[in-house]
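Peer 1: This is input_0.cif (mmCIF, C-alpha atoms (C1' of nucleotides)).
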data_coords
#
loop_
_atom_site.label_atom_id
_atom_site.label_comp_id
_atom_site.auth_asym_id
_atom_site.auth_seq_id
_atom_site.Cartn_x
_atom_site.Cartn_y
_atom_site.Cartn_z
CA MET Q 1 27.39 49.24 146.01
CA ARG Q 2 23.81 48.10 145.55
CA GLU Q 3 22.71 51.42 146.98
CA PHE Q 4 25.16 53.38 144.90
CA LEU Q 5 23.84 51.79 141.73
CA ARG Q 6 20.27 52.23 142.78
CA THR Q 7 20.72 55.95 143.07
CA LYS Q 8 21.97 55.91 139.51
CA GLY Q 9 19.00 53.94 138.34
CA PHE Q 10 20.53 50.51 138.01
CA LYS Q 11 19.60 47.27 139.64
CA MET Q 12 21.80 44.82 141.43
CA THR Q 13 21.98 41.22 140.35
CA PRO Q 14 24.09 38.27 141.43
CA GLN Q 15 26.03 38.39 138.19
CA ARG Q 16 26.62 42.07 138.49
CA GLU Q 17 27.82 41.73 142.00
CA LEU Q 18 30.24 39.02 141.04
CA ILE Q 19 31.51 40.96 138.08
CA PHE Q 20 31.99 44.16 140.03
CA ARG Q 21 33.73 42.39 142.85
CA SER Q 22 35.99 40.48 140.50
CA PHE Q 23 36.89 43.62 138.64
CA PHE Q 24 37.96 45.44 141.75
CA GLU Q 25 39.87 42.44 142.99
CA MET Q 26 41.89 42.20 139.83
CA GLY Q 27 44.89 44.29 139.04
CA LYS Q 28 44.60 47.26 136.80
CA HIS Q 29 44.16 47.37 133.03
CA VAL Q 30 41.78 44.47 132.81
CA SER Q 31 40.45 43.33 129.46
CA VAL Q 32 37.00 41.87 128.92
CA ASP Q 33 38.47 38.45 128.31
CA GLU Q 34 40.53 38.53 131.45
CA LEU Q 35 37.62 39.54 133.59
CA TYR Q 36 35.40 37.04 131.86
CA ASP Q 37 37.82 34.26 132.69
CA LYS Q 38 38.02 35.30 136.28
CA VAL Q 39 34.29 35.57 136.65
CA ARG Q 40 33.73 32.19 135.05
CA GLN Q 41 35.95 30.62 137.65
CA GLN Q 42 33.31 31.48 140.19
CA ASP Q 43 30.23 31.11 138.08
CA SER Q 44 30.60 29.56 134.69
CA SER Q 45 27.08 30.46 133.69
CA VAL Q 46 27.79 34.15 133.34
CA GLY Q 47 27.74 35.27 129.75
CA TYR Q 48 30.41 37.18 127.94
CA SER Q 49 28.10 39.99 127.02
CA THR Q 50 27.09 40.40 130.61
CA VAL Q 51 30.68 40.87 131.61
CA TRP Q 52 31.17 43.28 128.78
CA ARG Q 53 28.05 45.26 129.60
CA ASN Q 54 28.96 45.52 133.22
CA LEU Q 55 32.42 46.70 132.41
CA LYS Q 56 30.83 49.43 130.38
CA LEU Q 57 28.54 50.16 133.27
CA ILE Q 58 31.43 50.44 135.66
CA CYS Q 59 32.85 53.07 133.38
CA LYS Q 60 29.54 54.81 133.04
CA VAL Q 61 29.14 55.26 136.74
CA GLY Q 62 32.63 56.59 136.93
CA LEU Q 63 34.42 53.76 138.66
CA ALA Q 64 36.75 53.00 135.80
CA GLU Q 65 37.71 54.14 132.38
CA GLU Q 66 38.72 52.61 129.14
CA VAL Q 67 42.33 52.54 128.10
CA ASN Q 68 43.21 52.09 124.46
CA LEU Q 69 46.69 51.44 123.31
CA GLY Q 70 46.14 50.52 119.74
CA ASP Q 71 46.92 46.88 120.28
CA GLY Q 72 43.35 45.99 119.49
CA VAL Q 73 42.18 45.36 123.01
CA THR Q 74 40.27 47.72 125.22
CA ARG Q 75 41.33 47.63 128.81
CA TYR Q 76 39.54 48.93 131.83
CA ASP Q 77 41.37 50.87 134.43
CA ARG Q 78 40.00 51.50 137.87
CA ALA Q 79 39.44 55.16 138.51
CA THR Q 80 41.90 56.45 141.02
CA GLU Q 81 41.97 59.53 143.12
CA THR Q 82 45.28 60.58 141.69
CA PRO Q 83 45.55 60.91 137.94
CA HIS Q 84 48.20 58.75 136.43
CA GLY Q 85 49.78 58.18 133.08
CA HIS Q 86 50.97 54.97 131.55
CA PHE Q 87 54.28 53.60 130.49
CA TYR Q 88 53.64 51.16 127.68
CA CYS Q 89 56.45 48.78 127.00
CA VAL Q 90 56.53 48.09 123.28
CA ASP Q 91 58.18 44.75 123.93
CA CYS Q 92 56.22 43.08 126.69
CA LYS Q 93 53.14 45.28 126.26
CA LYS Q 94 52.95 45.76 129.96
CA LEU Q 95 51.57 48.93 131.46
CA THR Q 96 53.09 50.70 134.39
CA GLU Q 97 51.70 53.77 135.96
CA PHE Q 98 53.23 57.03 136.95
CA ASP Q 99 51.93 59.96 138.84
CA MET Q 100 50.62 62.75 136.71
CA ASP Q 101 49.96 65.34 139.35
CA ASN Q 102 52.68 67.74 138.37
CA ILE Q 103 51.76 67.69 134.75
CA VAL Q 104 48.02 67.97 135.02
CA GLY Q 105 48.29 71.58 136.03
CA GLN Q 106 50.15 72.36 132.88
CA LEU Q 107 47.76 70.46 130.71
CA ALA Q 108 44.97 72.49 132.20
CA ILE Q 109 46.79 75.66 131.36
CA ILE Q 110 47.45 74.52 127.84
CA SER Q 111 43.79 73.70 127.48
CA ARG Q 112 42.68 77.05 128.71
CA ASP Q 113 45.09 78.78 126.40
CA ASN Q 114 43.55 76.87 123.55
CA ASP Q 115 40.00 77.59 124.51
CA PHE Q 116 39.32 73.95 125.29
CA VAL Q 117 37.45 72.75 128.36
CA PRO Q 118 39.14 69.56 129.49
CA SER Q 119 37.41 66.71 131.21
CA GLY Q 120 40.21 64.22 131.20
CA PHE Q 121 43.88 63.82 130.48
CA LYS Q 122 45.76 60.90 129.12
CA ILE Q 123 49.46 60.52 128.86
CA GLU Q 124 51.09 57.51 127.38
CA ILE Q 125 54.79 57.02 127.15
CA GLN Q 126 55.95 54.29 124.85
CA GLY Q 127 59.33 52.76 125.24
CA ARG Q 128 61.05 49.82 126.84
CA CYS Q 129 60.99 48.75 130.41
CA ARG Q 130 64.08 47.67 132.22
CA ALA Q 131 63.24 44.00 132.06
CA CYS Q 132 62.94 44.01 128.30
CA ARG Q 133 66.09 46.02 127.84
CA GLU Q 134 68.03 43.56 129.90
CA LYS Q 135 66.66 40.41 128.40
CA GLU Q 136 67.19 41.38 124.79
CA ALA Q 137 70.41 43.03 123.83
CA THR Q 138 70.36 41.62 120.29
CA PRO Q 139 68.85 43.79 117.61
CA LYS Q 140 66.73 42.08 115.01
CA LYS Q 141 67.86 42.09 111.42
CA THR Q 142 65.66 42.85 108.47
CA THR Q 143 66.03 40.37 105.66
CA ASP Q 144 62.68 40.46 104.00
CA ALA Q 145 61.50 43.94 103.33
CA GLN Q 146 58.01 42.91 102.51
CA ALA Q 147 57.58 40.82 105.59
CA GLU Q 148 58.69 43.78 107.60
CA ALA Q 149 56.38 46.13 105.79
CA GLN Q 150 53.30 44.03 105.55
CA LYS Q 151 53.42 41.93 108.66
CA PRO Q 152 53.92 44.21 111.60
CA MET Y 1 60.43 59.86 97.53
CA ARG Y 2 61.16 57.03 95.15
CA GLU Y 3 64.78 57.29 96.12
CA PHE Y 4 63.98 57.53 99.80
CA LEU Y 5 61.96 54.34 99.63
CA ARG Y 6 64.56 52.57 97.55
CA THR Y 7 67.18 53.12 100.23
CA LYS Y 8 64.79 51.48 102.65
CA GLY Y 9 64.28 48.52 100.36
CA PHE Y 10 60.89 49.36 98.95
CA LYS Y 11 59.78 49.87 95.41
CA MET Y 12 57.80 52.69 93.93
CA THR Y 13 54.61 51.98 92.07
CA PRO Y 14 51.94 54.18 90.56
CA GLN Y 15 49.50 53.21 93.30
CA ARG Y 16 52.01 53.89 96.01
CA GLU Y 17 52.85 57.24 94.56
CA LEU Y 18 49.21 58.21 94.42
CA ILE Y 19 48.57 57.01 97.93
CA PHE Y 20 51.56 58.77 99.40
CA ARG Y 21 50.77 61.97 97.62
CA SER Y 22 47.14 61.87 98.65
CA PHE Y 23 48.06 61.20 102.23
CA PHE Y 24 50.32 64.19 102.44
CA GLU Y 25 47.81 66.38 100.71
CA MET Y 26 45.11 65.54 103.19
CA GLY Y 27 44.77 67.09 106.55
CA LYS Y 28 45.97 65.32 109.61
CA HIS Y 29 44.45 62.33 111.37
CA VAL Y 30 43.44 60.47 108.27
CA SER Y 31 41.67 57.14 108.53
CA VAL Y 32 42.09 54.31 106.05
CA ASP Y 33 38.60 54.87 104.73
CA GLU Y 34 39.13 58.55 104.22
CA LEU Y 35 42.33 58.04 102.35
CA TYR Y 36 40.82 55.20 100.37
CA ASP Y 37 38.00 57.47 99.25
CA LYS Y 38 40.37 60.19 98.24
CA VAL Y 39 42.61 57.83 96.34
CA ARG Y 40 39.69 56.26 94.52
CA GLN Y 41 38.69 59.64 93.24
CA GLN Y 42 41.85 59.63 91.20
CA ASP Y 43 42.12 55.96 90.44
CA SER Y 44 39.20 53.76 91.29
CA SER Y 45 41.14 50.60 90.63
CA VAL Y 46 43.25 50.91 93.73
CA GLY Y 47 42.38 48.32 96.31
CA TYR Y 48 41.55 48.93 99.93
CA SER Y 49 44.29 46.70 101.18
CA THR Y 50 46.82 48.55 99.11
CA VAL Y 51 45.84 51.78 100.76
CA TRP Y 52 45.96 50.12 104.14
CA ARG Y 53 49.33 48.55 103.49
CA ASN Y 54 50.79 51.79 102.29
CA LEU Y 55 49.57 53.66 105.31
CA LYS Y 56 51.34 51.09 107.39
CA LEU Y 57 54.39 51.57 105.26
CA ILE Y 58 54.28 55.31 105.70
CA CYS Y 59 54.38 54.69 109.41
CA LYS Y 60 57.14 52.14 109.09
CA VAL Y 61 59.43 54.53 107.31
CA GLY Y 62 58.73 57.12 109.92
CA LEU Y 63 56.62 59.59 107.98
CA ALA Y 64 53.53 59.17 110.11
CA GLU Y 65 52.23 57.42 113.13
CA GLU Y 66 49.06 55.80 114.24
CA VAL Y 67 46.70 57.61 116.54
CA ASN Y 68 44.17 55.65 118.54
CA LEU Y 69 41.40 57.32 120.43
CA GLY Y 70 39.28 54.39 121.38
CA ASP Y 71 36.54 55.23 118.93
CA GLY Y 72 37.35 52.14 116.97
CA VAL Y 73 39.17 53.80 114.13
CA THR Y 74 42.88 54.05 113.64
CA ARG Y 75 44.03 57.34 112.28
CA TYR Y 76 47.30 58.25 110.73
CA ASP Y 77 49.02 61.42 111.67
CA ARG Y 78 51.82 62.90 109.65
CA ALA Y 79 55.04 62.98 111.59
CA THR Y 80 55.99 66.49 112.50
CA GLU Y 81 59.20 68.01 113.62
CA THR Y 82 57.63 69.30 116.78
CA PRO Y 83 55.87 66.85 119.02
CA HIS Y 84 52.26 67.65 119.62
CA GLY Y 85 49.41 66.43 121.72
CA HIS Y 86 45.76 66.19 120.83
CA PHE Y 87 42.62 67.80 122.07
CA TYR Y 88 39.82 65.35 121.46
CA CYS Y 89 36.37 66.86 121.55
CA VAL Y 90 33.99 64.32 122.99
CA ASP Y 91 31.13 65.95 121.13
CA CYS Y 92 32.28 66.48 117.59
CA LYS Y 93 35.16 63.99 117.82
CA LYS Y 94 37.43 66.46 116.16
CA LEU Y 95 41.12 66.54 116.94
CA THR Y 96 43.08 69.68 117.45
CA GLU Y 97 46.74 69.81 118.12
CA PHE Y 98 48.80 71.58 120.66
CA ASP Y 99 52.48 72.01 121.11
CA MET Y 100 54.06 69.58 123.49
CA ASP Y 101 57.56 70.96 123.64
CA ASN Y 102 57.42 72.19 127.18
CA ILE Y 103 56.05 69.00 128.53
CA VAL Y 104 58.22 66.54 126.71
CA GLY Y 105 61.16 67.43 128.87
CA GLN Y 106 59.24 66.56 131.97
CA LEU Y 107 57.96 63.32 130.53
CA ALA Y 108 61.54 62.39 129.79
CA ILE Y 109 62.48 63.10 133.35
CA ILE Y 110 59.60 61.09 134.68
CA SER Y 111 60.61 58.22 132.44
CA ARG Y 112 64.18 58.31 133.61
CA ASP Y 113 63.07 58.41 137.20
CA ASN Y 114 61.05 55.30 136.55
CA ASP Y 115 63.79 53.44 134.78
CA PHE Y 116 61.91 53.50 131.51
CA VAL Y 117 63.51 54.33 128.17
CA PRO Y 118 60.96 56.31 126.21
CA SER Y 119 60.65 56.29 122.46
CA GLY Y 120 57.48 58.29 122.13
CA PHE Y 121 55.03 60.40 124.04
CA LYS Y 122 51.35 60.77 123.62
CA ILE Y 123 49.12 63.24 125.33
CA GLU Y 124 45.44 63.36 124.78
CA ILE Y 125 43.15 65.82 126.41
CA GLN Y 126 39.47 65.02 126.24
CA GLY Y 127 36.92 67.70 126.66
CA ARG Y 128 34.79 70.04 124.64
CA CYS Y 129 35.83 72.50 122.04
CA ARG Y 130 34.44 75.99 121.91
CA ALA Y 131 32.16 75.29 118.99
CA CYS Y 132 30.45 72.43 120.77
CA ARG Y 133 30.10 74.34 123.98
CA GLU Y 134 28.43 77.19 122.17
CA LYS Y 135 26.12 75.14 120.04
CA GLU Y 136 24.74 72.98 122.82
CA ALA Y 137 23.86 74.63 126.08
CA THR Y 138 21.12 72.10 126.86
CA PRO Y 139 22.07 69.13 128.96
CA LYS Y 140 20.63 65.80 127.94
CA LYS Y 141 18.28 64.03 130.29
CA THR Y 142 18.40 60.39 131.18
CA THR Y 143 15.07 58.66 131.01
CA ASP Y 144 16.01 55.15 130.17
CA ALA Y 145 18.72 53.81 132.36
CA GLN Y 146 19.28 50.76 130.26
CA ALA Y 147 19.55 52.64 127.05
CA GLU Y 148 22.12 54.83 128.68
CA ALA Y 149 24.00 51.92 130.12
CA GLN Y 150 23.93 49.56 127.24
CA LYS Y 151 23.94 51.78 124.23
CA PRO Y 152 26.73 54.27 124.56
"C1'" DC K 1 67.85 44.85 76.34
"C1'" DG K 2 65.77 40.58 78.50
"C1'" DG K 3 65.17 37.85 82.41
"C1'" DC K 4 64.54 37.08 87.07
"C1'" DC K 5 62.97 37.39 91.71
"C1'" DA K 6 61.39 39.90 95.41
"C1'" DA K 7 58.02 43.25 96.16
"C1'" DA K 8 53.50 44.98 95.33
"C1'" DT K 9 48.75 44.67 94.08
"C1'" DG K 10 43.54 43.61 94.22
"C1'" DA K 11 39.85 40.82 95.52
"C1'" DA K 12 38.10 38.08 98.66
"C1'" DA K 13 38.18 35.81 102.77
"C1'" DA K 14 39.61 35.46 107.51
"C1'" DC K 15 39.94 37.45 111.88
"C1'" DG K 16 38.77 39.16 116.24
"C1'" DA K 17 37.08 42.27 119.35
"C1'" DT K 18 33.02 44.75 120.13
"C1'" DT K 19 28.17 45.41 119.99
"C1'" DT K 20 23.41 44.21 119.17
"C1'" DT K 21 19.38 41.32 119.03
"C1'" DC K 22 15.93 38.72 121.16
"C1'" DA K 23 13.44 35.85 124.12
"C1'" DA K 24 13.42 34.74 128.82
"C1'" DT K 25 14.32 36.00 133.55
"C1'" DT K 26 14.88 38.95 137.44
"C1'" DT K 27 14.72 43.07 140.20
"C1'" DC K 28 12.43 46.34 142.89
"C1'" DG K 29 9.18 50.02 143.69
"C1'" DA K 30 4.21 50.75 143.97
"C1'" DT A 1 2.16 40.59 145.18
"C1'" DC A 2 2.20 42.72 140.54
"C1'" DG A 3 4.06 44.76 136.64
"C1'" DA A 4 7.16 47.76 134.26
"C1'" DA A 5 11.77 48.22 133.41
"C1'" DA A 6 16.22 46.38 133.71
"C1'" DT A 7 19.18 42.43 133.15
"C1'" DT A 8 20.84 38.31 131.32
"C1'" DG A 9 22.80 34.57 128.06
"C1'" DA A 10 23.38 32.82 123.63
"C1'" DA A 11 23.84 33.68 119.20
"C1'" DA A 12 24.40 36.56 115.51
"C1'" DA A 13 25.68 40.87 113.49
"C1'" DT A 14 29.08 44.48 112.97
"C1'" DC A 15 32.95 46.48 111.45
"C1'" DG A 16 37.66 47.74 111.16
"C1'" DT A 17 41.82 45.33 110.52
"C1'" DT A 18 44.74 41.84 108.58
"C1'" DT A 19 45.91 37.87 105.78
"C1'" DT A 20 45.76 34.90 101.83
"C1'" DC A 21 46.60 33.94 97.24
"C1'" DA A 22 47.09 34.29 92.47
"C1'" DT A 23 48.84 37.67 89.47
"C1'" DT A 24 51.40 41.66 88.04
"C1'" DT A 25 55.16 44.84 88.37
"C1'" DG A 26 59.56 47.13 89.54
"C1'" DG A 27 64.17 47.37 89.25
"C1'" DC A 28 68.70 45.17 89.53
"C1'" DC A 29 72.02 42.22 86.97
"C1'" DG A 30 74.15 40.25 83.41
#
Go ahead and render the structure in this file as structure tokens.

Peer 2:
Amino acid sequence: MREFLRTKGFKMTPQRELIFRSFFEMGKHVSVDELYDKVRQQDSSVGYSTVWRNLKLICKVGLAEEVNLGDGVTRYDRATETPHGHFYCVDCKKLTEFDMDNIVGQLAIISRDNDFVPSGFKIEIQGRCRACREKEATPKKTTDAQAEAQKP
Amino acid sequence: MREFLRTKGFKMTPQRELIFRSFFEMGKHVSVDELYDKVRQQDSSVGYSTVWRNLKLICKVGLAEEVNLGDGVTRYDRATETPHGHFYCVDCKKLTEFDMDNIVGQLAIISRDNDFVPSGFKIEIQGRCRACREKEATPKKTTDAQAEAQKP
DNA sequence: CGGCCAAATGAAAACGATTTTCAATTTCGA
DNA sequence: TCGAAATTGAAAATCGTTTTCATTTGGCCG
């Protein structure tokens, strides 16, 4: 890792090593806060901005990429060999992955047909996971139109 | 429109009418700021939060939906009969649409296979549009590793 | 029509995640 | 070892989004 970074012009530091290691140990779709918490468990002197900067760095060197779902938090997803899309459960907000291999070919074709040179594909499918469907069978009622409209 | 909203429990107001009209007159992928500017051209007394709230309302009643591209700005995209994906040019940040009909079927199948009940699909293809490819043939050089790493 | 109450508005403040600043420290190649 | 460049931590700045609150307005009902 140290060597890998060096070739890209970056230095290795104890904090960086800890942050990188923690990131790769964690599950996917890690937020800055989550990683920060984890890192602090090992070394509470590491600053938030350092975690943030290193997460950005991880992306920059191609080991991860940002995932944005419009819930206000940026998550970082380890780069994988096989491209994958995300199921986003609108109830529990959990992400699940699915293989995108079959579809990527088509997206490439669509791109070419539209004179667009693609560098990445993202597919997000919103909906409800099984767990949420099972736990909540009761629909919610709307009594206060304003509350509904102004407090999503 | 007034009637449509009434059935959903919302009232019509001059501001709302102006905002709705402006939104539908504008192109796609409108941000709050953009719409706010446009609205203010007609009535400078309209507040920012009113524009924001009405954009949310437009989404709530199903006439548009939010689009998030991780550039920090939420955009609002008119709902269309035919589902479409987005080409996102990493250079000029412009969005172009493409038809998603063919692919939606497959996404539905993938969802079913994964025990997920989908309510919406999003496809984003990052890359470079023709215009940007033509205008910039020169690659940028990296002299300052930190600047690159910390100031994206 | 006149009144009433929920909905809507505008201004300002609150929020919250992200990003930058800055002084001090550390890394690593020469 | 030395020094330039990168890195760090804390704090502050940013900036889009969201809420609060006092006030006004819309539209239903008698």

Peer 1: Find the residues around DA22 in chain A up to 12 Å (only C-alpha atoms (C1' of nucleotides) counted), leave out those fewer than 6 positions away in its own chain, and share them as a PyMOL selection string.

Peer 2: chain K and resi 9-12

Peer 1: With C-alpha atoms (C1' of nucleotides) retained, write the just-selected residues as a PDB file, keeping the file's coordinate frame.

Peer 2:
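Saved the output as selection-v2.pdb:
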ATOM      1  C1'  DT K   9      48.750  44.670  94.080  1.00  0.00           C
ATOM      2  C1'  DG K  10      43.540  43.610  94.220  1.00  0.00           C
ATOM      3  C1'  DA K  11      39.850  40.820  95.520  1.00  0.00           C
ATOM      4  C1'  DA K  12      38.100  38.080  98.660  1.00  0.00           C
TER       5       DA K  12
END

Peer 1: Please determine the contact residues of chain A with respect to chain Q at a cut-off of 12 Å, counting all atoms listed in the file, and supply them as JSON, numbers by chain.

Peer 2: {"A": [5, 6, 7, 8, 9, 10, 11, 16, 17, 18, 19]}

Peer 1: For the interface of chain K with chain Q (cut-off 9 Å, counting only C-alpha atoms (C1' of nucleotides)), please tabulate each contacting residue of chain K alongside its nearest pair of atoms and their separation in Å to one decimal, rows sorted by chain and increasing number, as a Markdown table.

Peer 2:
| residue | atom | partner | partner_atom | distance |
| --- | --- | --- | --- | --- |
| K:DA6 | C1' | Q:Gln146 | CA | 8.4 |
| K:DA7 | C1' | Q:Gln146 | CA | 6.4 |
| K:DA8 | C1' | Q:Gln146 | CA | 8.7 |
| K:DG16 | C1' | Q:Gly72 | CA | 8.8 |
| K:DA17 | C1' | Q:Val73 | CA | 7.0 |
| K:DT18 | C1' | Q:Trp52 | CA | 9.0 |
| K:DT19 | C1' | Q:Ser49 | CA | 8.9 |
| K:DT26 | C1' | Q:Thr13 | CA | 8.0 |
| K:DT27 | C1' | Q:Lys11 | CA | 6.5 |
| K:DC28 | C1' | Q:Lys11 | CA | 7.9 |

Peer 1: Using all C-alpha atoms paired in order, least-squares fit chain Y onto chain Q and give me the moved copy as a short mmCIF file (atom, residue, chain, number, x, y, z; two decimals) with C-alpha atoms, in the frame of the given file.

Peer 2:
data_model
loop_
_atom_site.label_atom_id
_atom_site.label_comp_id
_atom_site.auth_asym_id
_atom_site.auth_seq_id
_atom_site.Cartn_x
_atom_site.Cartn_y
_atom_site.Cartn_z
CA MET Y 1 27.51 49.11 146.12
CA ARG Y 2 23.94 47.96 145.69
CA GLU Y 3 22.82 51.22 147.17
CA PHE Y 4 25.24 53.23 145.08
CA LEU Y 5 23.89 51.67 141.92
CA ARG Y 6 20.31 52.06 143.01
CA THR Y 7 20.75 55.81 143.34
CA LYS Y 8 21.99 55.80 139.77
CA GLY Y 9 18.99 53.82 138.59
CA PHE Y 10 20.56 50.42 138.21
CA LYS Y 11 19.69 47.15 139.81
CA MET Y 12 21.92 44.70 141.57
CA THR Y 13 22.06 41.12 140.43
CA PRO Y 14 24.19 38.16 141.43
CA GLN Y 15 26.09 38.34 138.15
CA ARG Y 16 26.69 42.03 138.50
CA GLU Y 17 27.91 41.62 142.01
CA LEU Y 18 30.33 38.93 140.97
CA ILE Y 19 31.57 40.93 138.03
CA PHE Y 20 32.07 44.09 140.01
CA ARG Y 21 33.83 42.29 142.77
CA SER Y 22 36.08 40.42 140.38
CA PHE Y 23 36.95 43.58 138.56
CA PHE Y 24 38.05 45.35 141.68
CA GLU Y 25 39.98 42.35 142.86
CA MET Y 26 41.97 42.16 139.67
CA GLY Y 27 44.92 44.27 138.90
CA LYS Y 28 44.61 47.27 136.69
CA HIS Y 29 44.13 47.42 132.94
CA VAL Y 30 41.76 44.52 132.70
CA SER Y 31 40.41 43.43 129.34
CA VAL Y 32 36.95 41.99 128.80
CA ASP Y 33 38.41 38.58 128.13
CA GLU Y 34 40.50 38.60 131.25
CA LEU Y 35 37.61 39.58 133.42
CA TYR Y 36 35.35 37.11 131.67
CA ASP Y 37 37.80 34.31 132.45
CA LYS Y 38 38.04 35.30 136.05
CA VAL Y 39 34.30 35.56 136.46
CA ARG Y 40 33.72 32.20 134.82
CA GLN Y 41 35.97 30.60 137.36
CA GLN Y 42 33.37 31.42 139.95
CA ASP Y 43 30.25 31.08 137.88
CA SER Y 44 30.57 29.58 134.45
CA SER Y 45 27.04 30.50 133.51
CA VAL Y 46 27.77 34.18 133.21
CA GLY Y 47 27.67 35.36 129.64
CA TYR Y 48 30.33 37.31 127.83
CA SER Y 49 28.02 40.14 126.98
CA THR Y 50 27.04 40.49 130.59
CA VAL Y 51 30.64 40.96 131.55
CA TRP Y 52 31.10 43.41 128.73
CA ARG Y 53 27.99 45.35 129.62
CA ASN Y 54 28.96 45.56 133.23
CA LEU Y 55 32.41 46.81 132.42
CA LYS Y 56 30.76 49.52 130.43
CA LEU Y 57 28.52 50.21 133.36
CA ILE Y 58 31.44 50.44 135.72
CA CYS Y 59 32.82 53.11 133.46
CA LYS Y 60 29.48 54.85 133.19
CA VAL Y 61 29.14 55.24 136.91
CA GLY Y 62 32.64 56.58 137.07
CA LEU Y 63 34.46 53.72 138.75
CA ALA Y 64 36.76 53.01 135.85
CA GLU Y 65 37.69 54.19 132.44
CA GLU Y 66 38.67 52.71 129.16
CA VAL Y 67 42.28 52.64 128.11
CA ASN Y 68 43.15 52.23 124.46
CA LEU Y 69 46.65 51.58 123.31
CA GLY Y 70 46.11 50.73 119.71
CA ASP Y 71 46.83 47.06 120.18
CA GLY Y 72 43.25 46.26 119.39
CA VAL Y 73 42.10 45.57 122.91
CA THR Y 74 40.19 47.87 125.17
CA ARG Y 75 41.27 47.75 128.75
CA TYR Y 76 39.51 48.99 131.80
CA ASP Y 77 41.38 50.89 134.41
CA ARG Y 78 40.02 51.47 137.86
CA ALA Y 79 39.46 55.13 138.54
CA THR Y 80 41.93 56.45 141.02
CA GLU Y 81 41.98 59.52 143.12
CA THR Y 82 45.26 60.62 141.65
CA PRO Y 83 45.52 60.93 137.92
CA HIS Y 84 48.18 58.78 136.39
CA GLY Y 85 49.78 58.21 133.06
CA HIS Y 86 50.98 54.99 131.53
CA PHE Y 87 54.30 53.62 130.48
CA TYR Y 88 53.64 51.19 127.67
CA CYS Y 89 56.47 48.79 126.98
CA VAL Y 90 56.57 48.10 123.28
CA ASP Y 91 58.21 44.76 123.96
CA CYS Y 92 56.23 43.10 126.69
CA LYS Y 93 53.16 45.31 126.25
CA LYS Y 94 52.95 45.77 129.95
CA LEU Y 95 51.57 48.95 131.44
CA THR Y 96 53.08 50.71 134.37
CA GLU Y 97 51.69 53.79 135.94
CA PHE Y 98 53.20 57.04 136.93
CA ASP Y 99 51.91 59.99 138.83
CA MET Y 100 50.60 62.78 136.69
CA ASP Y 101 49.92 65.38 139.32
CA ASN Y 102 52.64 67.76 138.33
CA ILE Y 103 51.74 67.73 134.71
CA VAL Y 104 48.00 68.00 134.97
CA GLY Y 105 48.26 71.61 135.97
CA GLN Y 106 50.16 72.41 132.83
CA LEU Y 107 47.77 70.48 130.64
CA ALA Y 108 44.97 72.52 132.13
CA ILE Y 109 46.80 75.68 131.30
CA ILE Y 110 47.47 74.56 127.78
CA SER Y 111 43.81 73.70 127.39
CA ARG Y 112 42.69 77.07 128.63
CA ASP Y 113 45.12 78.79 126.33
CA ASN Y 114 43.59 76.89 123.46
CA ASP Y 115 40.02 77.60 124.40
CA PHE Y 116 39.35 73.97 125.17
CA VAL Y 117 37.47 72.77 128.24
CA PRO Y 118 39.15 69.58 129.36
CA SER Y 119 37.40 66.73 131.09
CA GLY Y 120 40.23 64.25 131.10
CA PHE Y 121 43.89 63.84 130.41
CA LYS Y 122 45.77 60.92 129.06
CA ILE Y 123 49.48 60.53 128.83
CA GLU Y 124 51.12 57.52 127.37
CA ILE Y 125 54.81 57.04 127.15
CA GLN Y 126 55.98 54.29 124.85
CA GLY Y 127 59.36 52.77 125.26
CA ARG Y 128 61.05 49.84 126.88
CA CYS Y 129 60.97 48.76 130.45
CA ARG Y 130 64.07 47.68 132.29
CA ALA Y 131 63.24 44.01 132.14
CA CYS Y 132 62.95 44.03 128.38
CA ARG Y 133 66.09 46.04 127.93
CA GLU Y 134 68.03 43.58 130.03
CA LYS Y 135 66.65 40.44 128.51
CA GLU Y 136 67.20 41.40 124.90
CA ALA Y 137 70.45 43.06 123.98
CA THR Y 138 70.41 41.65 120.44
CA PRO Y 139 68.89 43.79 117.75
CA LYS Y 140 66.73 42.04 115.20
CA LYS Y 141 67.82 42.01 111.60
CA THR Y 142 65.63 42.71 108.64
CA THR Y 143 65.97 40.22 105.85
CA ASP Y 144 62.60 40.29 104.27
CA ALA Y 145 61.41 43.76 103.56
CA GLN Y 146 57.91 42.68 102.74
CA ALA Y 147 57.50 40.63 105.83
CA GLU Y 148 58.59 43.61 107.82
CA ALA Y 149 56.33 45.95 105.97
CA GLN Y 150 53.24 43.88 105.73
CA LYS Y 151 53.29 41.78 108.82
CA PRO Y 152 53.84 44.01 111.80
#

Peer 1: Could you list, as a list in words, every residue matched by the PyMOL selection byres ((chain Q) within 7 of (chain Y)) in this structure?

Peer 2: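 That expression, the PyMOL selection byres ((chain Q) within 7 of (chain Y)), corresponds here to Gly9, Phe10, Arg53, Leu57, Lys60, Asn68, Leu69, Gly70, Asp115, Phe116, Val117, Pro118, Ser119, Gly120, Phe121, Lys122, Ile123, Glu124, Ile125, Gln126, Gly127, Arg128, Cys129, Arg130, Ala145, Ala149 and Gln150 of chain Q.
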
Peer 1: Suppose you want the space between CA of Lys28 in chain Y and CA of Leu95 in chain Y; what is it in Å?

Peer 2: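 CA of Leu95 in chain Y lies at a distance of 8.9 Å from CA of Lys28 in chain Y.
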
Peer 1: Report the distance between CA of Tyr76 in chain Q and CA of Leu63 in chain Q in Å, rounded to one decimal place.

Peer 2: 9.8 Å

Peer 1: Provide the CA of Asp101 in chain Q to CA of Asp91 in chain Y distance in Å, to one decimal place.

Peer 2: 26.2 Å
